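S.K.: Input run26.txt, format and content: compact mmCIF, C-alpha atoms.
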```
# COMPACT_ATOMS: atom_id res chain seq x y z
CA MET A 18 -19.84 14.08 5.56
CA ILE A 19 -19.96 16.72 8.26
CA SER A 20 -19.28 19.42 5.68
CA GLU A 21 -22.75 19.01 4.23
CA ALA A 22 -24.44 18.93 7.59
CA ALA A 23 -22.66 21.95 9.05
CA GLY A 24 -23.69 24.11 6.15
CA SER A 25 -21.58 27.08 7.24
CA GLN A 26 -20.06 28.88 4.35
CA GLU A 27 -17.11 30.73 5.83
CA LYS A 28 -15.01 27.73 6.92
CA GLU A 29 -14.61 24.49 5.05
CA GLY A 30 -16.10 21.42 6.66
CA LEU A 31 -14.26 18.48 8.13
CA GLY A 32 -14.51 16.45 4.95
CA ASP A 33 -13.01 19.17 2.81
CA PHE A 34 -10.22 19.70 5.32
CA ILE A 35 -9.27 16.03 5.22
CA ILE A 36 -9.47 15.75 1.47
CA HIS A 37 -7.48 18.91 0.96
CA HIS A 38 -4.62 17.49 2.99
CA LEU A 39 -4.69 14.08 1.37
CA LYS A 40 -4.91 15.15 -2.25
CA ASP A 41 -2.12 16.05 -4.62
CA SER A 42 -1.89 19.81 -4.75
CA HIS A 43 0.19 22.42 -6.49
CA GLU A 44 1.33 24.24 -3.39
CA TRP A 45 3.12 23.22 -0.29
CA ASN A 46 2.87 24.71 3.16
CA VAL A 47 6.19 24.16 4.88
CA LEU A 48 7.04 25.80 8.17
CA GLY A 49 5.02 28.86 7.33
CA TYR A 50 6.44 29.24 3.83
CA HIS A 51 3.88 28.78 1.15
CA ILE A 52 5.68 27.29 -1.80
CA ASN A 53 3.89 27.41 -5.12
CA LEU A 54 5.09 24.47 -7.09
CA PRO A 55 5.54 24.83 -10.86
CA HIS A 56 2.33 24.23 -12.71
CA PHE A 57 2.74 23.24 -16.35
CA LYS A 58 -0.11 23.09 -18.77
CA PRO A 59 -1.29 19.60 -19.61
CA ILE A 60 0.08 18.11 -22.82
CA HIS A 61 -2.42 16.47 -25.12
CA ILE A 62 -0.99 13.42 -26.84
CA LEU A 63 -3.32 11.17 -28.84
CA GLY A 64 -6.32 12.28 -26.87
CA ILE A 65 -4.76 11.53 -23.49
CA GLU A 66 -4.11 14.49 -21.29
CA LEU A 67 -0.73 14.30 -19.58
CA ASP A 68 -0.08 16.67 -16.77
CA PHE A 69 3.63 16.98 -16.03
CA SER A 70 3.42 19.71 -13.43
CA ILE A 71 5.40 19.19 -10.28
CA THR A 72 3.04 18.62 -7.42
CA ASN A 73 3.40 17.64 -3.79
CA HIS A 74 3.65 13.95 -4.42
CA VAL A 75 6.15 14.33 -7.24
CA VAL A 76 8.44 16.26 -4.88
CA MET A 77 8.08 13.50 -2.30
CA ILE A 78 8.95 10.83 -4.86
CA TRP A 79 12.04 12.75 -5.89
CA ALA A 80 13.05 13.24 -2.26
CA ALA A 81 12.64 9.51 -1.59
CA SER A 82 14.69 8.65 -4.67
CA ILE A 83 17.47 11.05 -3.71
CA ILE A 84 17.57 9.67 -0.18
CA LEU A 85 17.77 6.12 -1.48
CA ILE A 86 20.48 6.97 -4.01
CA LEU A 87 22.53 8.71 -1.33
CA LEU A 88 22.09 5.84 1.11
CA PHE A 89 22.95 3.05 -1.24
CA ARG A 90 25.46 4.61 -3.53
CA PHE A 91 27.58 6.61 -1.17
CA LEU A 92 27.12 5.21 2.30
CA TYR A 93 27.49 1.60 1.31
CA ARG A 94 31.15 1.07 0.69
CA ARG A 95 31.72 -2.06 -1.25
CA GLU A 96 35.30 -2.59 -0.16
CA GLN A 97 34.36 -3.41 3.38
CA ILE A 98 33.51 -7.06 3.73
CA ILE A 99 31.93 -6.46 7.10
CA PRO A 100 29.84 -3.32 6.92
CA LYS A 101 29.72 -0.90 9.78
CA GLY A 102 27.20 1.65 10.81
CA ILE A 103 24.19 2.32 8.66
CA ALA A 104 25.46 -0.02 5.96
CA ALA A 105 24.93 -2.86 8.43
CA VAL A 106 21.25 -1.99 8.78
CA LEU A 107 20.83 -1.79 5.01
CA GLU A 108 22.64 -5.09 4.60
CA LEU A 109 20.30 -6.62 7.16
CA PHE A 110 17.29 -5.57 5.12
CA VAL A 111 18.77 -6.62 1.80
CA LEU A 112 19.71 -10.04 3.14
CA PHE A 113 16.26 -10.39 4.63
CA ILE A 114 14.69 -9.67 1.27
CA ARG A 115 16.97 -12.08 -0.52
CA ASP A 116 16.79 -14.96 1.95
CA GLU A 117 13.22 -14.74 3.20
CA ILE A 118 11.28 -13.25 0.32
CA ALA A 119 13.08 -13.84 -2.96
CA ILE A 120 14.65 -17.28 -2.66
CA PRO A 121 11.80 -19.18 -0.94
CA ASN A 122 9.25 -17.84 -3.42
CA ILE A 123 11.13 -17.72 -6.70
CA GLY A 124 13.80 -20.35 -6.35
CA GLU A 125 17.52 -20.39 -5.77
CA LYS A 126 18.95 -19.08 -9.04
CA ASP A 127 16.11 -16.81 -10.15
CA GLY A 128 15.72 -15.42 -6.67
CA ARG A 129 19.11 -13.82 -6.87
CA LYS A 130 18.29 -12.34 -10.27
CA PHE A 131 15.12 -10.71 -9.02
CA THR A 132 16.44 -9.49 -5.68
CA PRO A 133 17.50 -6.04 -6.97
CA LEU A 134 14.00 -5.33 -8.25
CA LEU A 135 12.40 -6.49 -5.02
CA CYS A 136 14.86 -4.47 -2.95
CA THR A 137 14.12 -1.37 -4.98
CA MET A 138 10.40 -1.76 -4.51
CA PHE A 139 10.72 -2.49 -0.81
CA PHE A 140 12.98 0.43 0.00
CA PHE A 141 11.09 2.86 -2.18
CA ILE A 142 7.74 2.00 -0.62
CA LEU A 143 9.23 2.03 2.87
CA THR A 144 10.86 5.42 2.37
CA CYS A 145 7.72 6.95 0.91
CA ASN A 146 5.57 5.58 3.72
CA LEU A 147 7.93 6.76 6.42
CA MET A 148 8.27 10.21 4.92
CA GLY A 149 4.52 10.52 4.96
CA LEU A 150 4.57 10.23 8.72
CA ILE A 151 6.67 13.38 9.16
CA PRO A 152 4.18 16.13 9.93
CA LEU A 153 4.75 18.50 7.06
CA PHE A 154 5.31 16.00 4.25
CA THR A 155 2.67 14.18 2.28
CA THR A 156 2.59 10.49 1.55
CA ALA A 157 3.64 9.72 -1.98
CA THR A 158 2.22 6.21 -1.79
CA GLY A 159 -1.08 7.74 -0.77
CA ASP A 160 -1.71 8.49 -4.40
CA ILE A 161 -3.36 5.86 -6.53
CA SER A 162 -1.13 6.81 -9.46
CA VAL A 163 2.06 5.95 -7.59
CA THR A 164 0.81 2.62 -6.29
CA ALA A 165 -0.70 1.79 -9.66
CA SER A 166 2.68 2.45 -11.28
CA LEU A 167 4.37 0.08 -8.87
CA ALA A 168 1.72 -2.56 -9.51
CA ILE A 169 2.15 -2.11 -13.27
CA ILE A 170 5.88 -2.69 -12.83
CA THR A 171 5.08 -5.95 -11.04
CA PHE A 172 2.58 -6.91 -13.74
CA ILE A 173 5.04 -6.30 -16.57
CA THR A 174 7.79 -8.15 -14.72
CA VAL A 175 5.57 -11.18 -14.15
CA GLN A 176 4.47 -11.34 -17.78
CA LEU A 177 7.95 -10.80 -19.20
CA ALA A 178 9.56 -13.32 -16.86
CA GLY A 179 6.98 -15.97 -17.66
CA MET A 180 7.06 -15.31 -21.39
CA LYS A 181 10.84 -15.28 -21.58
CA ARG A 182 11.04 -18.67 -19.95
CA PHE A 183 8.11 -20.46 -21.53
CA GLY A 184 7.35 -18.52 -24.68
CA VAL A 185 4.21 -16.48 -25.17
CA LEU A 186 1.86 -19.41 -25.74
CA GLY A 187 3.53 -21.61 -23.20
CA TYR A 188 3.03 -18.99 -20.53
CA PHE A 189 -0.68 -18.89 -21.16
CA LYS A 190 -0.82 -22.66 -21.20
CA ASN A 191 0.75 -22.65 -17.77
CA LEU A 192 -2.13 -20.67 -16.37
CA ALA A 193 -4.27 -23.76 -16.07
CA PRO A 194 -2.80 -26.62 -14.09
CA HIS A 195 -1.94 -29.64 -16.17
CA GLY A 196 -3.28 -32.63 -14.33
CA ILE A 197 -6.95 -31.78 -14.07
CA PRO A 198 -10.05 -33.03 -15.96
CA VAL A 199 -10.64 -31.14 -19.19
CA PHE A 200 -14.09 -29.83 -18.40
CA LEU A 201 -12.76 -27.94 -15.37
CA ASN A 202 -10.66 -25.87 -17.72
CA VAL A 203 -13.77 -23.98 -18.79
CA ILE A 204 -14.04 -22.51 -15.31
CA ILE A 205 -10.39 -22.28 -14.39
CA VAL A 206 -8.96 -20.60 -17.48
CA PRO A 207 -11.16 -17.46 -17.33
CA ILE A 208 -10.59 -17.17 -13.60
CA GLU A 209 -6.84 -17.48 -13.97
CA PHE A 210 -6.80 -15.02 -16.84
CA LEU A 211 -8.77 -12.46 -14.88
CA GLY A 212 -6.53 -13.17 -11.94
CA LEU A 213 -3.60 -11.90 -13.96
CA PHE A 214 -5.15 -8.48 -13.84
CA THR A 215 -6.88 -8.45 -10.50
CA LYS A 216 -3.84 -9.47 -8.50
CA PRO A 217 -1.72 -6.40 -9.34
CA PHE A 218 -4.84 -4.26 -8.97
CA ALA A 219 -5.29 -5.64 -5.46
CA LEU A 220 -1.63 -4.85 -4.75
CA ALA A 221 -2.09 -1.23 -5.74
CA MET A 222 -5.38 -0.88 -3.87
CA ARG A 223 -4.06 -2.45 -0.70
CA LEU A 224 -1.07 -0.16 -0.41
CA PHE A 225 -3.01 2.96 -1.37
CA ALA A 226 -5.93 2.31 0.97
CA ASN A 227 -3.71 1.43 3.93
CA MET A 228 -1.79 4.65 3.62
CA ILE A 229 -4.86 6.81 3.04
CA ALA A 230 -6.85 5.25 5.86
CA GLY A 231 -4.23 5.97 8.49
CA HIS A 232 -3.82 9.56 7.48
CA THR A 233 -7.56 10.06 7.22
CA VAL A 234 -8.06 8.88 10.78
CA ILE A 235 -5.32 11.20 12.05
CA PHE A 236 -6.72 14.21 10.21
CA ALA A 237 -10.25 13.40 11.28
CA LEU A 238 -9.23 13.20 14.92
CA LEU A 239 -7.31 16.43 14.79
CA GLY A 240 -10.07 18.15 12.86
CA LEU A 241 -12.51 17.03 15.50
CA ILE A 242 -11.00 19.62 17.83
CA ILE A 243 -11.96 22.40 15.46
CA ALA A 244 -15.27 20.87 14.51
CA LEU A 245 -16.42 20.49 18.07
CA GLY A 246 -15.07 23.89 18.93
CA SER A 247 -14.01 23.16 22.51
CA ILE A 248 -10.48 22.87 23.81
CA PHE A 249 -11.24 20.08 26.24
CA VAL A 250 -11.46 17.58 23.41
CA SER A 251 -7.79 18.15 22.56
CA PRO A 252 -6.05 15.83 25.08
CA PHE A 253 -8.09 12.86 23.89
CA ALA A 254 -7.86 13.78 20.23
CA VAL A 255 -4.11 14.37 20.32
CA GLY A 256 -3.50 11.25 22.39
CA PHE A 257 -5.50 9.13 20.02
CA ALA A 258 -3.78 10.71 17.04
CA VAL A 259 -0.36 9.88 18.50
CA PHE A 260 -1.45 6.29 19.00
CA ILE A 261 -2.71 6.05 15.44
CA ASN A 262 0.56 7.58 14.26
CA LEU A 263 2.51 4.82 15.97
CA LEU A 264 0.20 2.26 14.42
CA GLU A 265 0.88 3.88 11.07
CA LEU A 266 4.59 3.33 11.63
CA LEU A 267 3.98 -0.39 11.99
CA VAL A 268 1.64 -0.40 9.01
CA ALA A 269 4.28 1.36 6.88
CA PHE A 270 6.76 -1.48 7.40
CA ILE A 271 4.16 -4.20 7.06
CA GLN A 272 2.72 -2.84 3.83
CA ALA A 273 6.13 -2.49 2.23
CA TYR A 274 6.89 -6.08 3.22
CA ILE A 275 3.54 -7.38 1.96
CA PHE A 276 3.87 -5.62 -1.40
CA THR A 277 7.33 -7.02 -1.93
CA MET A 278 6.37 -10.49 -0.78
CA LEU A 279 3.30 -10.69 -2.99
CA SER A 280 5.32 -9.46 -5.97
CA ALA A 281 7.83 -12.23 -5.27
CA VAL A 282 5.00 -14.77 -5.01
CA PHE A 283 3.56 -13.68 -8.36
CA ILE A 284 6.94 -13.82 -10.06
CA GLY A 285 7.52 -17.25 -8.54
CA MET A 286 4.13 -18.46 -9.75
CA ALA A 287 4.97 -17.34 -13.29
CA LEU A 288 8.39 -18.94 -13.30
CA ASN A 289 7.61 -22.21 -11.53
CA PRO A 290 4.06 -23.31 -12.26
CA GLU A 291 4.17 -26.35 -10.05
CA HIS A 292 0.52 -26.63 -9.19
CA MET B 548 -35.48 10.26 1.39
CA SER B 549 -33.35 12.12 -1.10
CA ASP B 550 -30.67 10.42 -3.11
CA LEU B 551 -27.92 12.17 -1.22
CA ALA B 552 -29.26 11.01 2.12
CA LEU B 553 -29.47 7.43 0.87
CA ALA B 554 -25.91 7.59 -0.36
CA TYR B 555 -24.65 8.78 3.01
CA LEU B 556 -26.70 6.15 4.80
CA ALA B 557 -25.30 3.44 2.55
CA ALA B 558 -21.77 4.70 3.12
CA GLY B 559 -22.22 4.60 6.87
CA PHE B 560 -23.70 1.13 6.92
CA GLY B 561 -21.16 -0.12 4.43
CA ALA B 562 -18.24 1.10 6.51
CA ALA B 563 -19.72 -0.52 9.61
CA PHE B 564 -20.13 -3.86 7.85
CA VAL B 565 -16.62 -3.71 6.45
CA ALA B 566 -15.18 -3.06 9.89
CA LEU B 567 -17.28 -5.88 11.35
CA ALA B 568 -16.18 -8.38 8.72
CA ALA B 569 -12.51 -7.44 8.98
CA ALA B 570 -12.60 -7.66 12.76
CA LEU B 571 -14.24 -11.09 12.61
CA GLY B 572 -11.72 -12.42 10.13
CA ILE B 573 -8.65 -11.10 11.89
CA GLY B 574 -10.06 -12.20 15.24
CA ARG B 575 -10.26 -15.77 14.01
CA ILE B 576 -6.70 -15.59 12.72
CA GLY B 577 -5.50 -14.18 16.01
CA SER B 578 -7.25 -16.82 18.05
CA SER B 579 -5.92 -19.72 16.01
CA ALA B 580 -2.44 -18.16 16.11
CA MET B 581 -2.58 -18.04 19.88
CA GLU B 582 -3.80 -21.62 20.05
CA GLY B 583 -1.00 -22.74 17.78
CA THR B 584 1.57 -20.89 19.85
CA ALA B 585 0.18 -22.36 23.05
CA ARG B 586 0.51 -25.87 21.69
CA GLN B 587 4.01 -25.43 20.36
CA PRO B 588 5.92 -22.43 21.72
CA GLU B 589 8.92 -23.11 19.47
CA ALA B 590 6.89 -22.26 16.39
CA ALA B 591 5.88 -18.87 17.80
CA ASN B 592 7.98 -16.84 15.38
CA ALA B 593 6.77 -18.58 12.25
CA ILE B 594 3.18 -18.38 13.45
CA ARG B 595 3.52 -14.71 14.23
CA THR B 596 4.88 -13.95 10.77
CA SER B 597 2.10 -15.84 9.03
CA MET B 598 -0.47 -14.19 11.24
CA ILE B 599 0.71 -10.71 10.34
CA ILE B 600 0.74 -11.55 6.65
CA SER B 601 -2.79 -12.98 6.73
CA ALA B 602 -4.03 -10.02 8.74
CA ALA B 603 -2.59 -7.59 6.21
CA LEU B 604 -4.19 -9.46 3.32
CA ILE B 605 -7.60 -9.45 5.00
CA GLU B 606 -7.21 -5.76 5.77
CA GLY B 607 -6.47 -5.18 2.09
CA ILE B 608 -9.87 -6.53 1.16
CA ALA B 609 -11.53 -4.58 3.95
CA PHE B 610 -10.00 -1.45 2.54
CA PHE B 611 -11.60 -2.11 -0.85
CA GLY B 612 -14.99 -1.72 0.76
CA LEU B 613 -13.81 1.25 2.75
CA VAL B 614 -12.64 3.11 -0.32
CA ILE B 615 -15.99 2.51 -2.00
CA CYS B 616 -17.79 3.89 1.07
CA PHE B 617 -15.48 6.88 1.01
CA LEU B 618 -16.28 7.53 -2.64
CA LEU B 619 -19.98 7.24 -1.88
CA SER B 620 -19.78 9.75 0.93
CA LEU B 621 -18.01 12.24 -1.25
CA LYS B 622 -20.88 12.54 -3.71
```
Could you express the structure from this file as structure tokens?
M.R.:
Amino acid sequence: MISEAAGSQEKEGLGDFIIHHLKDSHEWNVLGYHINLPHFKPIHILGIELDFSITNHVVMIWAASIILILLFRFLYRREQIIPKGIAAVLELFVLFIRDEIAIPNIGEKDGRKFTPLLCTMFFFILTCNLMGLIPLFTTATGDISVTASLAIITFITVQLAGMKRFGVLGYFKNLAPHGIPVFLNVIIVPIEFLGLFTKPFALAMRLFANMIAGHTVIFALLGLIIALGSIFVSPFAVGFAVFINLLELLVAFIQAYIFTMLSAVFIGMALNPEH
Amino acid sequence: MSDLALAYLAAGFGAAFVALAAALGIGRIGSSAMEGTARQPEAANAIRTSMIISAALIEGIAFFGLVICFLLSLK
């Protein structure tokens, strides 16, 4: 990137600037205070190195969880039949998830069983995405580990739901549709089996890349002011960055919705294999 | 040309192709969505929802390529 071409040694190039802001790091610059987050040594278990230090993204995940717990546990009074205030907005979202995402894709009875999981995923992803848009916070879903964890949760849910209903062998038999000629099975079974793994991988990749791309564009535009060195670039750069920020707001909602909807579709496909 | 230069060149071309392909795909979705809405304005909401979902799925695939270009340019 430009860092290699500029070749100057005293300031980091544009590429390093962007990557430094997007990566997980052990310190946090907030309002002029430089917070050094606790850095624990990695634990070696069975040859895998686990690093439990508290980094930027871990703090953001905790903040999102605390916000969600506060919102849903304490602001959502269950005695009121008709919710008022912010509980009405939350109820709107929860009903939307149940009636538009869970029940059409999974079915009437199972949809209600899986709605809590889908709601958790939706609100967690939405909160993380929105918090990433605030200038001094980082995006927790902009880390491949976080999105991969969410996709692994979907993967495990799909397998367990299918296996609980149909048995372990029956679930794998359901991968290939029943009413097709036998010789097509040779092609379809490997594809379906690989699809079990690629679909959650695509889920993780989609969410991660959407979040990273938006923030990369914003940082690149703002870094362009420093890289070009003149102040007359700033109105265009800042204007463009504001526009991309608004686009990112839309993308945050859409990506949370898409992740939840595709998880519901996968669970529905495992529970009702009606090809 | 050195290996590094080839990698950067490939990253640049790759990103351009990815953007081109994504724009083509989403453009087709947008155009058919508008046609569908023009024929039957009552279905506008359902068409709009499906359009946004398809656009997000296509963008997901476009981002695969973009991430690979990004990794190439970081070498």
S.K.: Determine, counting only C-alpha atoms, which protein, DNA and RNA residues have an atom within 6 Å of an atom of segment 116-126 of chain A; residues of the same chain fewer than 5 positions away are not included. Present the result as an NGL selection string.
M.R.: :A and (278 or 281-282 or 285)
S.K.: In Å, with one decimal, what is the gap from atom CA of Gly128 of chain A to atom CA of Val175 of chain A?
M.R.: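 Atom CA of Gly128 of chain A sits 13.3 Å away from atom CA of Val175 of chain A.
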S.K.: Produce a table with one row for each residue of chain B that has an atom at most 10 Å from any atom of chain A, each row naming the nearest atom pair and its distance in Å at one decimal; use only C-alpha atoms; arrange rows by chain and rising residue number; format as JSON lines.
M.R.:
```
{"residue": "B:Tyr555", "atom": "CA", "partner": "A:Met18", "partner_atom": "CA", "distance": 7.6}
{"residue": "B:Ala558", "atom": "CA", "partner": "A:Met18", "partner_atom": "CA", "distance": 9.9}
{"residue": "B:Gly559", "atom": "CA", "partner": "A:Met18", "partner_atom": "CA", "distance": 9.9}
{"residue": "B:Ile599", "atom": "CA", "partner": "A:Ile271", "partner_atom": "CA", "distance": 8.1}
{"residue": "B:Ile600", "atom": "CA", "partner": "A:Ile275", "partner_atom": "CA", "distance": 6.9}
{"residue": "B:Ser601", "atom": "CA", "partner": "A:Ile275", "partner_atom": "CA", "distance": 9.7}
{"residue": "B:Ala603", "atom": "CA", "partner": "A:Ile275", "partner_atom": "CA", "distance": 7.5}
{"residue": "B:Leu604", "atom": "CA", "partner": "A:Arg223", "partner_atom": "CA", "distance": 8.1}
{"residue": "B:Ile605", "atom": "CA", "partner": "A:Arg223", "partner_atom": "CA", "distance": 9.7}
{"residue": "B:Glu606", "atom": "CA", "partner": "A:Arg223", "partner_atom": "CA", "distance": 7.9}
{"residue": "B:Gly607", "atom": "CA", "partner": "A:Arg223", "partner_atom": "CA", "distance": 4.6}
{"residue": "B:Ile608", "atom": "CA", "partner": "A:Arg223", "partner_atom": "CA", "distance": 7.3}
{"residue": "B:Ala609", "atom": "CA", "partner": "A:Arg223", "partner_atom": "CA", "distance": 9.1}
{"residue": "B:Phe610", "atom": "CA", "partner": "A:Ala226", "partner_atom": "CA", "distance": 5.8}
{"residue": "B:Phe611", "atom": "CA", "partner": "A:Met222", "partner_atom": "CA", "distance": 7.0}
{"residue": "B:Gly612", "atom": "CA", "partner": "A:Ala226", "partner_atom": "CA", "distance": 9.9}
{"residue": "B:Leu613", "atom": "CA", "partner": "A:Ala226", "partner_atom": "CA", "distance": 8.1}
{"residue": "B:Val614", "atom": "CA", "partner": "A:Ala226", "partner_atom": "CA", "distance": 6.9}
{"residue": "B:Phe617", "atom": "CA", "partner": "A:Met18", "partner_atom": "CA", "distance": 9.6}
{"residue": "B:Ser620", "atom": "CA", "partner": "A:Met18", "partner_atom": "CA", "distance": 6.3}
{"residue": "B:Leu621", "atom": "CA", "partner": "A:Met18", "partner_atom": "CA", "distance": 7.3}
{"residue": "B:Lys622", "atom": "CA", "partner": "A:Met18", "partner_atom": "CA", "distance": 9.5}
```
S.K.: Between atom CA of Val163 of chain A and atom CA of Lys58 of chain A, what is the distance, to one decimal in Å?
M.R.: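 Atom CA of Lys58 of chain A lies at a distance of 20.6 Å from atom CA of Val163 of chain A.
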S.K.: Take every atom of segment 61-72 of chain A listed in the file, fit an axis-aligned box around them, add 5 Å per side, and give the centre and edge lengths in Å to one decimal as AutoDock Vina command-line options.
M.R.:
```
--center_x -0.5 --center_y 15.4 --center_z -18.1 --size_x 21.7 --size_y 18.5 --size_z 31.4
```
S.K.: Taking into account only C-alpha atoms, which residue in the set A:Phe139, A:Phe172, A:Phe131, A:Phe89 is nearest to Thr215 of chain A?
M.R.: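 Looking only at the distances to Thr215 of chain A, the closest residue turns out to be A:Phe172.
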S.K.: Would you mind reading off the distance between atom CA of Leu85 of chain A and atom CA of Thr144 of chain A, one decimal, in Å?
M.R.: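 Calculated distance between atom CA of Leu85 of chain A and atom CA of Thr144 of chain A is 7.9 Å.
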S.K.: Can you tell me which residues surround Thr584 of chain B at a distance of at most 8 Å, considering all atoms listed in the file, apart from same-chain residues fewer than 6 positions away, and format the answer as an MDAnalysis selection string?
M.R.: chainID B and resid 590:591 594
S.K.: With only C-alpha atoms as the counted atoms, please give the residues lying no more than 8 Å from Thr72 of chain A, apart from itself and same-chain residues fewer than 6 positions off, as JSON, numbers by chain.
M.R.: {"A": [41, 42, 43, 44, 54, 55, 56]}
S.K.: Considering all atoms listed in the file, state which residue in the set B:Met581, B:Ala593, B:Leu619, B:Val565 is at the smallest distance from Leu551 of chain B.
M.R.: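 Checking each candidate against Leu551 of chain B, we get B:Leu619 as the closest.
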S.K.: Between A:Ile78, A:Ala273, A:Leu245, A:Val234, which residue has the minimum interatomic distance to Phe257 of chain A, considering only C-alpha atoms?
M.R.: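 Closest residue, counting only C-alpha atoms: A:Val234.
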S.K.: Taking all atoms listed in the file into account, which of A:Ala193, A:Ala269, A:Leu134, A:Leu112 comes nearest Leu167 of chain A?
M.R.: A:Leu134
S.K.: Which residues are close to Phe69 of chain A, i.e. within 8 Å by only C-alpha atoms, leaving aside same-chain residues fewer than 3 positions away? Reply as a PyMOL selection string.
M.R.: chain A and resi 57-60
S.K.: Identify the residues within 10 Å of coordinate (-6.0, -13.4, 12.6) (same frame as the file), considering all atoms listed in the file, and give the answer as a list of chain:residue names.
M.R.: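 Within 10 Å of (-6.0, -13.4, 12.6), the protein and nucleic acid residues are B:Ala569, B:Ala570, B:Leu571, B:Gly572, B:Ile573, B:Gly574, B:Arg575, B:Ile576, B:Gly577, B:Ser578, B:Ser579, B:Ala580, B:Met581, B:Arg595, B:Ser597, B:Met598, B:Ile599, B:Ile600, B:Ser601, B:Ala602, B:Ala603, B:Ile605.
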